[in-house]
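Asker: Sending over final_3.cif (mmCIF, C-alpha atoms).
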```
data_target
loop_
_atom_site.group_PDB
_atom_site.id
_atom_site.type_symbol
_atom_site.label_atom_id
_atom_site.label_comp_id
_atom_site.auth_asym_id
_atom_site.auth_seq_id
_atom_site.Cartn_x
_atom_site.Cartn_y
_atom_site.Cartn_z
ATOM 1 C CA MET A 1 129.460 99.420 197.690
ATOM 2 C CA ALA A 2 131.859 102.380 197.643
ATOM 3 C CA ALA A 3 132.761 101.639 194.032
ATOM 4 C CA ASP A 4 129.074 101.523 193.058
ATOM 5 C CA ALA A 5 128.449 104.856 194.764
ATOM 6 C CA ALA A 6 131.401 106.411 192.973
ATOM 7 C CA ARG A 7 129.978 105.256 189.647
ATOM 8 C CA LEU A 8 126.644 106.874 190.424
ATOM 9 C CA ASP A 9 128.369 110.140 191.341
ATOM 10 C CA GLU A 10 130.689 110.379 188.352
ATOM 11 C CA GLY A 11 127.978 111.527 185.941
ATOM 12 C CA PHE A 12 127.884 110.943 182.212
ATOM 13 C CA THR A 13 131.339 112.077 181.155
ATOM 14 C CA SER A 14 133.665 110.878 178.429
ATOM 15 C CA ALA A 15 135.447 108.754 181.038
ATOM 16 C CA THR A 16 132.189 107.118 182.144
ATOM 17 C CA ALA A 17 131.178 106.465 178.547
ATOM 18 C CA THR A 18 134.560 104.919 177.737
ATOM 19 C CA ARG A 19 134.295 102.532 180.673
ATOM 20 C CA VAL A 20 130.733 101.521 179.742
ATOM 21 C CA MET A 21 131.737 101.037 176.110
ATOM 22 C CA GLY A 22 134.522 98.655 177.106
ATOM 23 C CA GLU A 23 132.245 96.577 179.327
ATOM 24 C CA ALA A 24 129.518 96.465 176.673
ATOM 25 C CA CYS A 25 131.948 95.320 174.001
ATOM 26 C CA ARG A 26 133.248 92.539 176.217
ATOM 27 C CA ALA A 27 129.671 91.387 176.882
ATOM 28 C CA ALA A 28 128.917 91.431 173.141
ATOM 29 C CA GLY A 29 132.107 89.614 172.170
ATOM 30 C CA LEU A 30 133.623 92.674 170.471
ATOM 31 C CA ASP A 31 137.038 94.258 170.896
ATOM 32 C CA GLY A 32 136.701 97.794 172.264
ATOM 33 C CA ASP A 33 140.435 98.459 172.618
ATOM 34 C CA GLY A 34 141.446 101.734 170.989
ATOM 35 C CA ALA A 35 137.861 102.738 170.210
ATOM 36 C CA GLU A 36 137.488 106.394 169.226
ATOM 37 C CA LEU A 37 134.981 108.656 170.972
ATOM 38 C CA ILE A 38 133.477 110.507 168.019
ATOM 39 C CA ARG A 39 130.734 112.414 169.826
ATOM 40 C CA LEU A 40 129.536 113.156 173.333
ATOM 41 C CA GLY A 41 126.078 114.698 173.240
ATOM 42 C CA GLU A 42 122.745 113.238 174.189
ATOM 43 C CA ASN A 43 124.578 109.947 173.653
ATOM 44 C CA ALA A 44 128.202 108.894 173.477
ATOM 45 C CA LEU A 45 129.255 107.450 170.120
ATOM 46 C CA PHE A 46 132.349 105.280 169.709
ATOM 47 C CA ARG A 47 133.912 103.941 166.531
ATOM 48 C CA LEU A 48 135.576 100.558 166.987
ATOM 49 C CA VAL A 49 138.896 99.934 165.280
ATOM 50 C CA SER A 50 138.551 96.155 165.363
ATOM 51 C CA SER A 51 135.327 96.009 163.294
ATOM 52 C CA PRO A 52 133.076 98.428 161.372
ATOM 53 C CA VAL A 53 130.747 99.023 164.315
ATOM 54 C CA ILE A 54 129.508 102.168 166.094
ATOM 55 C CA VAL A 55 128.697 101.793 169.800
ATOM 56 C CA ARG A 56 125.992 104.158 171.055
ATOM 57 C CA ILE A 57 125.548 104.763 174.797
ATOM 58 C CA ALA A 58 122.584 106.646 176.262
ATOM 59 C CA ARG A 59 122.830 108.827 179.367
ATOM 60 C CA GLY A 60 120.963 106.621 181.823
ATOM 61 C CA CYS A 61 118.405 103.925 182.522
ATOM 62 C CA GLU A 62 115.576 106.386 181.768
ATOM 63 C CA TRP A 63 116.448 106.054 178.084
ATOM 64 C CA LEU A 64 116.169 102.264 177.842
ATOM 65 C CA PRO A 65 112.672 102.407 176.231
ATOM 66 C CA THR A 66 114.068 104.950 173.778
ATOM 67 C CA ALA A 67 116.947 102.656 172.868
ATOM 68 C CA ARG A 68 114.466 99.848 172.223
ATOM 69 C CA LYS A 69 112.470 102.185 169.995
ATOM 70 C CA GLU A 70 115.587 103.135 168.011
ATOM 71 C CA VAL A 71 116.274 99.484 167.278
ATOM 72 C CA ALA A 72 112.663 98.895 166.165
ATOM 73 C CA VAL A 73 112.616 102.012 163.961
ATOM 74 C CA SER A 74 115.852 101.021 162.257
ATOM 75 C CA ARG A 75 114.511 97.549 161.493
ATOM 76 C CA TRP A 76 111.291 99.027 160.077
ATOM 77 C CA LEU A 77 112.974 101.641 157.874
ATOM 78 C CA VAL A 78 115.549 99.218 156.512
ATOM 79 C CA GLY A 79 112.757 96.705 155.852
ATOM 80 C CA GLU A 80 110.899 99.387 153.890
ATOM 81 C CA GLY A 81 113.936 99.939 151.700
ATOM 82 C CA PHE A 82 114.467 103.394 153.212
ATOM 83 C CA SER A 83 118.105 104.445 153.381
ATOM 84 C CA ALA A 84 118.708 104.414 157.129
ATOM 85 C CA ALA A 85 121.296 103.420 159.716
ATOM 86 C CA SER A 86 121.110 99.717 160.529
ATOM 87 C CA ILE A 87 121.766 97.834 163.734
ATOM 88 C CA VAL A 88 124.092 94.852 164.088
ATOM 89 C CA GLU A 89 121.477 92.119 163.928
ATOM 90 C CA ASP A 90 123.434 89.259 165.492
ATOM 91 C CA LEU A 91 123.913 91.066 168.825
ATOM 92 C CA GLU A 92 121.481 91.548 171.684
ATOM 93 C CA GLN A 93 119.930 95.004 171.374
ATOM 94 C CA PRO A 94 120.029 96.994 173.575
ATOM 95 C CA LEU A 95 122.416 95.950 176.311
ATOM 96 C CA SER A 96 122.377 97.626 179.720
ATOM 97 C CA VAL A 97 125.684 98.303 181.470
ATOM 98 C CA ASP A 98 125.439 99.882 184.936
ATOM 99 C CA GLY A 99 122.063 101.226 183.848
ATOM 100 C CA TYR A 100 123.363 102.786 180.624
ATOM 101 C CA PRO A 101 121.599 101.477 177.482
ATOM 102 C CA VAL A 102 124.024 100.430 174.747
ATOM 103 C CA THR A 103 123.291 99.690 171.096
ATOM 104 C CA PHE A 104 125.553 98.562 168.249
ATOM 105 C CA TRP A 105 125.267 99.905 164.696
ATOM 106 C CA HIS A 106 126.896 99.119 161.375
ATOM 107 C CA GLN A 107 129.440 101.807 160.571
ATOM 108 C CA ILE A 108 128.560 103.777 157.457
ATOM 109 C CA ALA A 109 131.490 104.048 155.063
ATOM 110 C CA GLU A 110 131.539 107.775 154.427
ATOM 111 C CA GLY A 111 131.975 109.215 150.959
ATOM 112 C CA ASP A 112 133.928 112.292 149.975
ATOM 113 C CA ARG A 113 131.178 114.883 150.475
ATOM 114 C CA LYS A 114 128.713 116.129 153.066
ATOM 115 C CA PRO A 115 124.927 115.973 152.589
ATOM 116 C CA ALA A 116 123.223 119.023 151.110
ATOM 117 C CA TYR A 117 120.185 120.826 152.492
ATOM 118 C CA GLY A 118 118.174 119.935 149.420
ATOM 119 C CA GLU A 119 118.857 116.282 150.215
ATOM 120 C CA LEU A 120 117.610 116.779 153.767
ATOM 121 C CA GLY A 121 114.376 118.259 152.441
ATOM 122 C CA ALA A 122 113.934 115.330 150.060
ATOM 123 C CA VAL A 123 114.619 112.732 152.772
ATOM 124 C CA LEU A 124 112.056 114.317 155.085
ATOM 125 C CA ARG A 125 109.489 114.570 152.296
ATOM 126 C CA ASP A 126 109.883 110.846 151.603
ATOM 127 C CA LEU A 127 109.897 109.919 155.288
ATOM 128 C CA HIS A 128 106.664 111.782 155.965
ATOM 129 C CA THR A 129 104.849 109.822 153.251
ATOM 130 C CA LEU A 130 105.567 106.423 154.865
ATOM 131 C CA THR A 131 102.823 104.492 156.640
ATOM 132 C CA VAL A 132 103.785 103.349 160.126
ATOM 133 C CA PRO A 133 102.829 99.690 160.739
ATOM 134 C CA THR A 134 100.459 98.968 163.603
ATOM 135 C CA SER A 135 103.126 96.747 165.162
ATOM 136 C CA LEU A 136 105.451 99.724 165.674
ATOM 137 C CA GLU A 137 104.391 101.769 168.685
ATOM 138 C CA LEU A 138 105.725 105.312 168.491
ATOM 139 C CA PRO A 139 105.272 108.133 171.009
ATOM 140 C CA ARG A 140 104.115 111.630 170.213
ATOM 141 C CA PHE A 141 106.737 114.346 169.907
ATOM 142 C CA HIS A 142 107.525 115.580 173.413
ATOM 143 C CA PRO A 143 109.653 118.735 173.349
ATOM 144 C CA PHE A 144 109.773 118.719 177.153
ATOM 145 C CA ASP A 145 110.536 115.092 177.998
ATOM 146 C CA LYS A 146 114.277 115.577 178.616
ATOM 147 C CA GLN A 147 114.324 119.158 179.791
ATOM 148 C CA GLU A 148 113.522 118.646 183.459
ATOM 149 C CA LEU A 149 116.235 116.027 183.900
ATOM 150 C CA ARG A 150 118.736 118.224 182.063
ATOM 151 C CA ILE A 151 117.934 121.251 184.212
ATOM 152 C CA ASP A 152 118.059 119.264 187.461
ATOM 153 C CA ARG A 153 121.336 117.492 186.710
ATOM 154 C CA ALA A 154 123.437 120.101 184.913
ATOM 155 C CA GLN A 155 126.354 121.733 186.718
ATOM 156 C CA ILE A 156 125.143 125.296 186.100
ATOM 157 C CA PRO A 157 124.704 128.406 188.294
ATOM 158 C CA GLU A 158 121.520 128.330 190.362
ATOM 159 C CA ASP A 159 120.346 131.560 188.751
ATOM 160 C CA ASP A 160 120.497 129.877 185.348
ATOM 161 C CA ARG A 161 118.562 126.913 186.718
ATOM 162 C CA LEU A 162 115.783 129.155 188.042
ATOM 163 C CA PHE A 163 115.590 131.030 184.729
ATOM 164 C CA LEU A 164 115.433 127.823 182.698
ATOM 165 C CA ARG A 165 112.658 126.392 184.857
ATOM 166 C CA LYS A 166 110.641 129.588 184.395
ATOM 167 C CA ARG A 167 111.206 129.582 180.624
ATOM 168 C CA TRP A 168 110.321 125.862 180.534
ATOM 169 C CA ARG A 169 106.912 126.606 182.070
ATOM 170 C CA GLU A 170 106.321 129.513 179.680
ATOM 171 C CA LEU A 171 107.103 127.334 176.670
ATOM 172 C CA GLN A 172 104.738 124.637 177.897
ATOM 173 C CA ASP A 173 101.930 127.197 177.966
ATOM 174 C CA ARG A 174 102.747 128.388 174.451
ATOM 175 C CA HIS A 175 103.000 124.811 173.205
ATOM 176 C CA ALA A 176 99.500 124.044 174.510
ATOM 177 C CA GLU A 177 98.115 126.781 172.253
ATOM 178 C CA LEU A 178 99.646 125.425 169.011
ATOM 179 C CA ARG A 179 97.193 124.445 166.287
ATOM 180 C CA PHE A 180 98.536 122.200 163.533
ATOM 181 C CA GLU A 181 96.961 121.899 160.089
ATOM 182 C CA THR A 182 98.784 118.789 158.881
ATOM 183 C CA ALA A 183 98.106 115.098 159.412
ATOM 184 C CA LYS A 184 100.310 113.086 161.758
ATOM 185 C CA GLY A 185 102.828 110.581 160.484
ATOM 186 C CA PRO A 186 106.378 109.351 161.057
ATOM 187 C CA VAL A 187 108.615 112.158 162.312
ATOM 188 C CA HIS A 188 112.376 111.962 162.805
ATOM 189 C CA GLY A 189 112.284 114.437 165.681
ATOM 190 C CA ASP A 190 115.826 115.819 165.310
ATOM 191 C CA ALA A 191 115.984 116.507 161.606
ATOM 192 C CA HIS A 192 119.139 118.501 161.035
ATOM 193 C CA VAL A 193 121.620 117.917 158.255
ATOM 194 C CA GLN A 194 124.148 116.378 160.680
ATOM 195 C CA ASN A 195 121.741 113.455 161.029
ATOM 196 C CA LEU A 196 122.343 112.584 157.411
ATOM 197 C CA MET A 197 125.432 110.877 156.056
ATOM 198 C CA VAL A 198 126.586 110.246 152.498
ATOM 199 C CA ASP A 199 128.157 106.831 152.056
ATOM 200 C CA ASP A 200 130.958 105.859 149.684
ATOM 201 C CA ARG A 201 128.391 105.030 146.983
ATOM 202 C CA GLY A 202 126.862 108.505 147.154
ATOM 203 C CA GLN A 203 123.755 107.273 148.977
ATOM 204 C CA VAL A 204 122.248 109.621 151.577
ATOM 205 C CA VAL A 205 121.584 107.760 154.852
ATOM 206 C CA LEU A 206 119.314 108.903 157.698
ATOM 207 C CA ILE A 207 120.720 108.302 161.205
ATOM 208 C CA ASP A 208 119.820 108.837 164.894
ATOM 209 C CA PHE A 209 116.293 107.670 165.762
ATOM 210 C CA GLU A 210 116.264 108.680 169.412
ATOM 211 C CA ALA A 211 113.509 111.293 168.948
ATOM 212 C CA PHE A 212 111.594 109.355 166.283
ATOM 213 C CA CYS A 213 107.866 109.658 166.851
ATOM 214 C CA TYR A 214 104.384 109.812 165.344
ATOM 215 C CA ASP A 215 103.279 113.427 165.121
ATOM 216 C CA HIS A 216 102.947 116.481 162.887
ATOM 217 C CA PRO A 217 105.698 117.038 160.272
ATOM 218 C CA GLU A 218 106.255 120.619 161.441
ATOM 219 C CA TRP A 219 108.510 119.222 164.167
ATOM 220 C CA ASP A 220 110.949 118.047 161.495
ATOM 221 C CA LEU A 221 110.868 121.340 159.591
ATOM 222 C CA MET A 222 111.469 123.317 162.773
ATOM 223 C CA VAL A 223 115.175 122.533 163.067
ATOM 224 C CA THR A 224 116.398 123.826 159.713
ATOM 225 C CA ALA A 225 113.967 126.751 159.732
ATOM 226 C CA VAL A 226 115.344 127.964 163.082
ATOM 227 C CA GLU A 227 118.940 127.340 162.066
ATOM 228 C CA HIS A 228 118.386 129.577 159.044
ATOM 229 C CA HIS A 229 115.967 132.300 160.123
ATOM 230 C CA SER A 230 117.200 132.713 163.705
ATOM 231 C CA LEU A 231 120.816 131.519 163.739
ATOM 232 C CA GLY A 232 121.907 132.172 160.152
ATOM 233 C CA TRP A 233 123.663 128.833 159.828
ATOM 234 C CA GLN A 234 122.669 128.317 156.187
ATOM 235 C CA SER A 235 122.930 130.600 153.207
ATOM 236 C CA ASP A 236 119.739 131.781 151.531
ATOM 237 C CA GLU A 237 120.524 129.430 148.649
ATOM 238 C CA GLN A 238 120.941 126.404 150.931
ATOM 239 C CA TYR A 239 117.678 127.092 152.717
ATOM 240 C CA ALA A 240 115.894 127.682 149.403
ATOM 241 C CA ASP A 241 117.094 124.238 148.277
ATOM 242 C CA PHE A 242 115.653 122.694 151.455
ATOM 243 C CA VAL A 243 112.293 124.436 151.006
ATOM 244 C CA SER A 244 112.125 123.567 147.317
ATOM 245 C CA ALA A 245 112.864 119.885 147.955
ATOM 246 C CA TYR A 246 110.354 119.574 150.783
ATOM 247 C CA GLY A 247 107.726 121.961 149.446
ATOM 248 C CA ARG A 248 107.168 124.191 152.466
ATOM 249 C CA ASP A 249 108.797 126.999 154.479
ATOM 250 C CA LEU A 250 107.810 126.749 158.142
ATOM 251 C CA TYR A 251 108.642 130.439 158.646
ATOM 252 C CA ASP A 252 105.283 131.334 157.078
ATOM 253 C CA TRP A 253 103.347 129.300 159.651
ATOM 254 C CA PRO A 254 101.794 131.174 162.636
ATOM 255 C CA GLY A 255 103.264 128.676 165.100
ATOM 256 C CA TYR A 256 106.850 129.253 163.974
ATOM 257 C CA GLU A 257 107.811 131.573 166.843
ATOM 258 C CA THR A 258 106.695 129.022 169.425
ATOM 259 C CA LEU A 259 108.695 126.291 167.703
ATOM 260 C CA ARG A 260 111.683 128.645 167.504
ATOM 261 C CA GLY A 261 111.536 129.130 171.265
ATOM 262 C CA LEU A 262 111.332 125.391 171.837
ATOM 263 C CA GLN A 263 114.215 124.648 169.480
ATOM 264 C CA GLU A 264 116.542 127.270 170.953
ATOM 265 C CA PHE A 265 115.714 126.128 174.477
ATOM 266 C CA GLY A 266 116.455 122.511 173.572
ATOM 267 C CA MET A 267 119.732 123.441 171.876
ATOM 268 C CA THR A 268 120.847 125.246 175.028
ATOM 269 C CA THR A 269 119.880 122.560 177.537
ATOM 270 C CA TRP A 270 121.424 119.880 175.301
ATOM 271 C CA LEU A 271 124.766 121.666 175.294
ATOM 272 C CA MET A 272 124.798 122.468 179.006
ATOM 273 C CA GLN A 273 125.004 118.752 179.854
ATOM 274 C CA ASN A 274 128.663 118.765 178.770
ATOM 275 C CA ILE A 275 129.996 122.026 180.208
ATOM 276 C CA ARG A 276 132.389 120.084 182.436
ATOM 277 C CA GLU A 277 134.121 118.570 179.416
ATOM 278 C CA ASP A 278 136.046 121.689 178.357
ATOM 279 C CA GLU A 279 136.020 125.494 178.467
ATOM 280 C CA ARG A 280 134.956 125.766 174.809
ATOM 281 C CA THR A 281 131.679 124.007 175.591
ATOM 282 C CA ALA A 282 131.155 126.048 178.740
ATOM 283 C CA ALA A 283 131.731 129.304 176.825
ATOM 284 C CA GLU A 284 129.204 128.361 174.154
ATOM 285 C CA TYR A 285 126.655 127.511 176.843
ATOM 286 C CA ARG A 286 127.163 130.953 178.404
ATOM 287 C CA ARG A 287 126.642 132.550 174.997
ATOM 288 C CA ARG A 288 123.388 130.665 174.471
ATOM 289 C CA ILE A 289 121.902 131.190 177.933
ATOM 290 C CA ALA A 290 122.618 134.925 177.657
ATOM 291 C CA ALA A 291 120.726 135.064 174.363
ATOM 292 C CA LEU A 292 117.768 133.164 175.800
ATOM 293 C CA ARG A 293 117.385 135.890 178.413
ATOM 294 C CA ASP A 294 116.773 138.413 175.618
ATOM 295 C CA ASP A 295 114.472 137.240 172.817
ATOM 296 C CA ALA A 296 115.441 140.216 170.655
ATOM 297 C CA ALA A 297 119.193 139.649 170.967
ATOM 298 C CA PRO A 298 121.078 138.318 167.926
ATOM 299 C CA ARG A 299 121.878 134.608 168.067
ATOM 300 C CA ASP A 300 125.615 134.479 167.377
ATOM 301 C CA TRP A 301 125.653 130.809 168.345
ATOM 302 C CA ARG A 302 128.194 128.400 166.923
ATOM 303 C CA PRO A 303 127.200 125.083 165.356
ATOM 304 C CA TRP A 304 128.029 122.183 167.656
#
```
I'd like the structure from this file rewritten - as structure tokens, please.
Answerer:
Amino acid sequence: MAADAARLDEGFTSATATRVMGEACRAAGLDGDGAELIRLGENALFRLVSSPVIVRIARGCEWLPTARKEVAVSRWLVGEGFSAASIVEDLEQPLSVDGYPVTFWHQIAEGDRKPAYGELGAVLRDLHTLTVPTSLELPRFHPFDKQELRIDRAQIPEDDRLFLRKRWRELQDRHAELRFETAKGPVHGDAHVQNLMVDDRGQVVLIDFEAFCYDHPEWDLMVTAVEHHSLGWQSDEQYADFVSAYGRDLYDWPGYETLRGLQEFGMTTWLMQNIREDERTAAEYRRRIAALRDDAAPRDWRPW
């Protein structure tokens, strides 16, 4: 009983994720020894050394339906001939280890270049034209579904917590007033260029289906538009390539400022989950929360 309580108290850290990864690999008949933690964000991602497999671990039992959705979306996209990350089909998907959902994905053999913003625009344009089958049940886009848990659980000053809860309520009110002019369809939900990979054949591959949903395409354009217009993370030429490939600049839409607020809020609460990992993460969180307190302040945020 004491050991179980300690596991509940340890939180979702790199140490927790490593332990869960090892247990999941043993249950799946894989060798997790020496696996490399390649990312700790909304999920923990491990690269196995024994086989070309990526192990993906979600933050808690609340995300089990999401993990099931990711598996279903991958199967659908791959079946459509869309270039997308694929699950390991001969393993049970997802597993649950101590309440943490675990999925297994084929490792993508990376090529010698990074994806371009024009390629992201083209991928999203193609994705938004697909017809979702009736057998695939997808949620609407919910910009608030994770925020309450993040705010409640994060190891942040109480003053920050009170501010974030107030801002969360304000954004909900602004979101309720949004009026979209586009038809709903398949939406990736977290459409930044880091969720593309270029394989060793030069093929661009879409990854990470955690936020995949059925909603308005503006949600996919929001990410790159905010990264450019608010954060300055792309050059004018890179953003022009994205707009040209997709065919639309979200900055011209009246709802852009609301989506900017939602995106910046989500980027801050996402990062604050890991402030106990190292001082670099904690410092970037402090930079972001300070900017959120002043809408007119420059966003000198660092890509993460």
Asker: Report as a PyMOL selection string the full result of the PyMOL selection byres ((chain A and resi 280-296) around 10) when it is applied to this structure.
Answerer: chain A and resi 156+160+163-164+167+261+264-265+267-279+297-304
Asker: Between A:Gln203, A:Gln234, A:Thr134, A:Glu92, which has the minimum distance to Ile108 in chain A (counting only C-alpha atoms)?
Answerer: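 Distance minimum relative to Ile108 in chain A lands on A:Gln203.
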Asker: Produce a table with one row for each residue of range 100-154 of chain A that has an atom at most 12 Å from any atom of range 28-31 of chain A, each row naming the nearest atom pair and its distance in Å at one decimal; use only C-alpha atoms; arrange rows by chain and rising residue number; format as a Markdown table.
Answerer:
```
| residue | atom | partner | partner_atom | distance |
| --- | --- | --- | --- | --- |
| A:Val102 | CA | A:Ala28 | CA | 10.4 |
| A:Thr103 | CA | A:Ala28 | CA | 10.2 |
| A:Phe104 | CA | A:Ala28 | CA | 9.3 |
```
Asker: Carefully work through the PyMOL selection byres ((chain A and resi 184) around 9) for this structure and note down the residues it includes, as a VMD selection string.
Answerer: chain A and resid 128 182 to 183 185 to 187 214 to 217
Asker: Report, in Å to a single decimal, how far apart CA of Glu177 in chain A and CA of Arg125 in chain A are.
Answerer: 26.0 Å
Asker: Work out how far apart CA of Pro115 in chain A and CA of Val243 in chain A are and give it in Å to one decimal.
Answerer: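 Result for CA of Pro115 in chain A versus CA of Val243 in chain A: 15.3 Å, one decimal.
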Asker: CA of Gly247 in chain A to CA of Gly266 in chain A: how many Å, to one decimal?
Answerer: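 Between CA of Gly247 in chain A and CA of Gly266 in chain A the gap works out to 25.7 Å.
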Asker: Out of A:Leu124, A:Val73, A:Met197, A:Leu171, which residue has the shortest atom-to-atom distance to Glu137 in chain A when counting only C-alpha atoms?
Answerer: A:Val73
Asker: Rank nothing, just name the residue among A:Pro133, A:Gln194, A:Glu158, A:Ser244 nearest to Arg39 in chain A, using all atoms listed in the file.
Answerer: A:Gln194
Asker: Given the file shown, determine the residues that the PyMOL selection byres ((chain A and resi 195) around 7) selects; report them as a list of chain:residue names.
Answerer: A:Ala191, A:His192, A:Val193, A:Gln194, A:Leu196, A:Met197, A:Leu206, A:Ile207, A:Asp208
Asker: Skipping near chain neighbours, those fewer than 6 positions away, what residues fall within 12 Å of Glu80 in chain A using only C-alpha atoms, listed as a VMD selection string?
Answerer: chain A and resid 73 to 74 126 to 127 130 to 133
Asker: Write out as an mmCIF file with C-alpha atoms, in the frame of the given file each polymer residue whose atoms come within 12 Å of Glu23 in chain A, counting all atoms listed in the file; drop sequence neighbours fewer than 3 positions from it.
Answerer:
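Printed below is out28.cif as written:
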```cif
data_model
loop_
_atom_site.group_PDB
_atom_site.id
_atom_site.type_symbol
_atom_site.label_atom_id
_atom_site.label_comp_id
_atom_site.auth_asym_id
_atom_site.auth_seq_id
_atom_site.Cartn_x
_atom_site.Cartn_y
_atom_site.Cartn_z
ATOM 1 C CA THR A 16 132.189 107.118 182.144
ATOM 2 C CA ALA A 17 131.178 106.465 178.547
ATOM 3 C CA THR A 18 134.560 104.919 177.737
ATOM 4 C CA ARG A 19 134.295 102.532 180.673
ATOM 5 C CA VAL A 20 130.733 101.521 179.742
ATOM 6 C CA ARG A 26 133.248 92.539 176.217
ATOM 7 C CA ALA A 27 129.671 91.387 176.882
ATOM 8 C CA ALA A 28 128.917 91.431 173.141
ATOM 9 C CA GLY A 29 132.107 89.614 172.170
ATOM 10 C CA LEU A 30 133.623 92.674 170.471
ATOM 11 C CA ASP A 31 137.038 94.258 170.896
ATOM 12 C CA GLY A 32 136.701 97.794 172.264
ATOM 13 C CA ASP A 33 140.435 98.459 172.618
ATOM 14 C CA VAL A 55 128.697 101.793 169.800
ATOM 15 C CA ILE A 57 125.548 104.763 174.797
ATOM 16 C CA LEU A 95 122.416 95.950 176.311
ATOM 17 C CA SER A 96 122.377 97.626 179.720
ATOM 18 C CA VAL A 97 125.684 98.303 181.470
ATOM 19 C CA ASP A 98 125.439 99.882 184.936
ATOM 20 C CA TYR A 100 123.363 102.786 180.624
ATOM 21 C CA PRO A 101 121.599 101.477 177.482
ATOM 22 C CA VAL A 102 124.024 100.430 174.747
#
```
